[in-house]
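Below you'll find the structure, written out as structure tokens, and then a few comments.
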Amino acid sequence: MRLTRPIDLYGFTHATVNISRMSTAGRISVLTADDHPLMRAGLYAVISSQSDMEVIAEAANGEEAIQRFREQRPDVALVDLRMPVMDGLAATRAIVEEFHGAKIVVLTTYDGDEDIHSALVAGARGYLLKDMMASDLIRVIRAVHAGERVIPPSVAARLAEYTPRVELTPRELEVLKLMAKGLSNRDIAAVLDRTEFTMKNHASNIFGKLGVTDRTEAVMIALQRGILHLD
């Protein structure tokens, strides 16, 4: 097995995966968790085409993912970030807390650095975007099953772009969410039962941390980075 290893972030290899086919006594069992049936069907088709792996369970939301993991104990779980009932981030955190050796790969459309960081902190061992090649997905499943922690170069680049991280406080995040809804400082102050002056200070802090000069740009950057999501 060979894998190019540049500098690691979060202990993850962020190079193009180049791993020879594993020879295992049994198949790699995989759980797929995604709220779109078509996506699950596609994953099933790709994974089932491999002689050394199989999909043993599927889930349509985070709660189902936890339950299926308990029931089937898959070797690798592919988990989408944005799902109903319970999102993939919460599900990943819960599974890893209950099963410390759980091998979870986040498979999502979200490439914001905050999404990536949150997933890795929650315990994911890989972070992949849904536009990746099927062959790359297979290689990563094998790599994670073998004990590797893998993210592609594009994902690593997003993390590096905003390193060191600057975190918003819970209150600042709350204010930013209300900004995204179009509320003025006066309106936000009324909602949070605080003074307008306090809200102006929060807004100023948010702008400084995000490196922007106005509310529109702050919301745009927050959406791009995964700090906010449009529900």
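Residue numbering restarts at 1 in every chain; chains get A, B, ... in the order shown in the structure tokens, and ligands count up from 1 in that same order.
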Tell me, which residues of region 37-170 of chain A carry DSSP alpha helix (DSSP H), written as a ChimeraX atom specification?
-> /A:37-48,62-72,88-98,113-122,134-145,153-161,170
Considering only C-alpha atoms, return as a ChimeraX atom specification whatever protein or nucleic-acid residues lie within 8 Å of region 87-99 of chain A, sequence-local ones (same chain, fewer than 5 positions apart) excluded.
-> /A:61-63,65-66,69,79-82,104,106,118-119,122-124
Could you write those residues out with C-alpha atoms, as a compact mmCIF listing (two decimals), in the first residue's frame?
# COMPACT_ATOMS: atom_id res chain seq x y z
CA ASN A 61 -31.62 10.66 8.22
CA GLY A 62 -29.21 10.98 11.11
CA GLU A 63 -31.31 9.06 13.62
CA ALA A 65 -27.92 6.24 10.61
CA ILE A 66 -27.21 5.80 14.32
CA PHE A 69 -24.86 1.51 12.78
CA VAL A 79 -22.75 10.07 5.88
CA ASP A 80 -24.27 13.15 4.27
CA LEU A 81 -24.05 16.37 6.30
CA ARG A 82 -27.49 17.81 5.59
CA ILE A 104 -17.04 7.53 9.08
CA VAL A 106 -18.63 12.51 5.24
CA SER A 118 -16.83 20.59 12.24
CA ALA A 119 -17.01 17.16 10.61
CA ALA A 122 -16.87 15.32 15.28
CA GLY A 123 -14.75 12.30 14.39
CA ALA A 124 -15.08 11.80 10.63
When distances are computed from only C-alpha atoms, which of A:Arg142, A:Arg158, A:His100, A:Arg27 shows the smallest separation from Glu54 (chain A)?
-> A:Arg27
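When only C-alpha atoms are used to compute distances to Ile138 (chain A), the closest of the residues A:Ala180, A:Ala218, A:Leu78, A:Val155 turns out to be A:Leu78.
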Between CA of Ala222 (chain A) and CA of Lys103 (chain A), distance in Å (one decimal) = 29.2 Å
Those of region 35-173 of chain A in DSSP strand (DSSP E), formatted as a ChimeraX atom specification = /A:53-59,76-79,104-108,126-129
Mind writing the picked residues with C-alpha atoms as a CSV table (one decimal), in the first residue's frame?
chain,number,residue,atom,x,y,z
A,53,MET,CA,-17.2,-4.5,-0.5
A,54,GLU,CA,-21.0,-4.4,0.0
A,55,VAL,CA,-23.7,-2.1,1.3
A,56,ILE,CA,-25.2,-3.7,4.3
A,57,ALA,CA,-27.5,-0.9,5.4
A,58,GLU,CA,-29.0,2.4,4.3
A,59,ALA,CA,-30.4,5.4,6.2
A,76,VAL,CA,-17.2,2.1,7.0
A,77,ALA,CA,-20.2,4.6,7.0
A,78,LEU,CA,-20.8,7.2,4.3
A,79,VAL,CA,-22.8,10.1,5.9
A,104,ILE,CA,-17.0,7.5,9.1
A,105,VAL,CA,-16.6,9.4,5.8
A,106,VAL,CA,-18.6,12.5,5.2
A,107,LEU,CA,-19.9,12.7,1.7
A,108,THR,CA,-21.5,16.0,0.9
A,126,GLY,CA,-12.7,11.4,5.6
A,127,TYR,CA,-14.4,14.3,4.0
A,128,LEU,CA,-15.5,13.9,0.3
A,129,LEU,CA,-17.5,16.0,-2.1
Close residues, Asp75 (chain A) itself excluded, 9 Å, only C-alpha atoms, min 4 positions apart in chain, as a list in words | Ile28, Ser29, Val30, Leu31, Ala102, Lys103, Ile104 and His145 of chain A
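If only C-alpha atoms are the atoms counted, then among A:Ala45, A:Ala60, A:Ile227, A:Ile116 the closest residue to Pro170 (chain A) is A:Ile227.
CA of Gly42 (chain A) is positioned 16.4 Å from CA of Arg139 (chain A).
Distances here use only C-alpha atoms; by that measure, the residue among A:Ala134, A:Ile151, A:Met220, A:Ala189 closest to His117 (chain A) is A:Ile151.
Here the question is which of A:Val166, A:Met39, A:Leu159, A:Val175 gets nearest to Gly211 (chain A) using only C-alpha atoms, and that residue is A:Val166.
CA of Glu174 (chain A) sits 13.2 Å away from CA of Ala190 (chain A).
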Got a sec: who's within 12 Å of Leu210 (chain A), counting only C-alpha atoms, leaving out chain neighbours fewer than 6 positions off, as a PyMOL selection string?
-> chain A and resi 162+165-168+172-173+176+203-204+216-225+227
Once you have the residues from the selection above, write them out as a PDB file, in the first residue's frame, restricted to N, CA and C atoms.
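Contents of out10.pdb, as written:
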ATOM      1  N   TYR A 162      -8.181  29.210   5.535  1.00  0.00           N
ATOM      2  CA  TYR A 162      -8.671  29.916   6.729  1.00  0.00           C
ATOM      3  C   TYR A 162      -8.004  29.403   7.999  1.00  0.00           C
ATOM      4  N   ARG A 165      -7.910  29.472  12.393  1.00  0.00           N
ATOM      5  CA  ARG A 165      -9.330  29.764  12.368  1.00  0.00           C
ATOM      6  C   ARG A 165      -9.670  30.902  13.330  1.00  0.00           C
ATOM      7  N   VAL A 166     -10.673  31.661  12.937  1.00  0.00           N
ATOM      8  CA  VAL A 166     -11.225  32.705  13.801  1.00  0.00           C
ATOM      9  C   VAL A 166     -12.683  32.346  14.035  1.00  0.00           C
ATOM     10  N   GLU A 167     -13.029  32.076  15.273  1.00  0.00           N
ATOM     11  CA  GLU A 167     -14.375  31.605  15.585  1.00  0.00           C
ATOM     12  C   GLU A 167     -15.274  32.732  16.061  1.00  0.00           C
ATOM     13  N   LEU A 168     -16.520  32.682  15.617  1.00  0.00           N
ATOM     14  CA  LEU A 168     -17.535  33.600  16.124  1.00  0.00           C
ATOM     15  C   LEU A 168     -18.062  33.058  17.440  1.00  0.00           C
ATOM     16  N   GLU A 172     -22.493  36.117  18.550  1.00  0.00           N
ATOM     17  CA  GLU A 172     -22.194  36.683  17.235  1.00  0.00           C
ATOM     18  C   GLU A 172     -22.825  35.847  16.133  1.00  0.00           C
ATOM     19  N   LEU A 173     -22.808  34.528  16.300  1.00  0.00           N
ATOM     20  CA  LEU A 173     -23.430  33.655  15.316  1.00  0.00           C
ATOM     21  C   LEU A 173     -24.942  33.882  15.277  1.00  0.00           C
ATOM     22  N   LEU A 176     -25.526  37.063  13.431  1.00  0.00           N
ATOM     23  CA  LEU A 176     -25.291  36.862  12.002  1.00  0.00           C
ATOM     24  C   LEU A 176     -26.471  36.158  11.338  1.00  0.00           C
ATOM     25  N   ALA A 203     -21.969  43.462  15.487  1.00  0.00           N
ATOM     26  CA  ALA A 203     -21.817  43.528  14.031  1.00  0.00           C
ATOM     27  C   ALA A 203     -20.393  43.909  13.660  1.00  0.00           C
ATOM     28  N   SER A 204     -19.834  44.867  14.378  1.00  0.00           N
ATOM     29  CA  SER A 204     -18.465  45.300  14.108  1.00  0.00           C
ATOM     30  C   SER A 204     -17.476  44.160  14.338  1.00  0.00           C
ATOM     31  N   THR A 216     -24.091  42.640   3.961  1.00  0.00           N
ATOM     32  CA  THR A 216     -24.304  41.769   2.801  1.00  0.00           C
ATOM     33  C   THR A 216     -23.101  40.872   2.564  1.00  0.00           C
ATOM     34  N   GLU A 217     -21.908  41.454   2.628  1.00  0.00           N
ATOM     35  CA  GLU A 217     -20.687  40.685   2.423  1.00  0.00           C
ATOM     36  C   GLU A 217     -20.484  39.680   3.553  1.00  0.00           C
ATOM     37  N   ALA A 218     -20.846  40.065   4.764  1.00  0.00           N
ATOM     38  CA  ALA A 218     -20.705  39.158   5.910  1.00  0.00           C
ATOM     39  C   ALA A 218     -21.561  37.907   5.716  1.00  0.00           C
ATOM     40  N   VAL A 219     -22.795  38.105   5.299  1.00  0.00           N
ATOM     41  CA  VAL A 219     -23.693  36.968   5.082  1.00  0.00           C
ATOM     42  C   VAL A 219     -23.191  36.110   3.926  1.00  0.00           C
ATOM     43  N   MET A 220     -22.734  36.734   2.854  1.00  0.00           N
ATOM     44  CA  MET A 220     -22.236  36.000   1.685  1.00  0.00           C
ATOM     45  C   MET A 220     -21.031  35.136   2.058  1.00  0.00           C
ATOM     46  N   ILE A 221     -20.075  35.715   2.772  1.00  0.00           N
ATOM     47  CA  ILE A 221     -18.881  34.967   3.184  1.00  0.00           C
ATOM     48  C   ILE A 221     -19.261  33.840   4.137  1.00  0.00           C
ATOM     49  N   ALA A 222     -20.191  34.124   5.052  1.00  0.00           N
ATOM     50  CA  ALA A 222     -20.618  33.107   6.017  1.00  0.00           C
ATOM     51  C   ALA A 222     -21.261  31.914   5.310  1.00  0.00           C
ATOM     52  N   LEU A 223     -22.028  32.178   4.250  1.00  0.00           N
ATOM     53  CA  LEU A 223     -22.646  31.098   3.482  1.00  0.00           C
ATOM     54  C   LEU A 223     -21.592  30.305   2.712  1.00  0.00           C
ATOM     55  N   GLN A 224     -20.634  30.994   2.122  1.00  0.00           N
ATOM     56  CA  GLN A 224     -19.575  30.330   1.365  1.00  0.00           C
ATOM     57  C   GLN A 224     -18.732  29.431   2.244  1.00  0.00           C
ATOM     58  N   ARG A 225     -18.461  29.876   3.464  1.00  0.00           N
ATOM     59  CA  ARG A 225     -17.583  29.120   4.353  1.00  0.00           C
ATOM     60  C   ARG A 225     -18.309  28.039   5.147  1.00  0.00           C
ATOM     61  N   ILE A 227     -20.447  28.707   7.571  1.00  0.00           N
ATOM     62  CA  ILE A 227     -20.789  29.207   8.895  1.00  0.00           C
ATOM     63  C   ILE A 227     -22.300  29.301   9.029  1.00  0.00           C
TER      64      ILE A 227
END
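Checking A:Arg194, A:Lys177, A:Arg125, A:His229 one by one against Pro152 (chain A), counting only C-alpha atoms, you find the shortest gap at A:Arg125.
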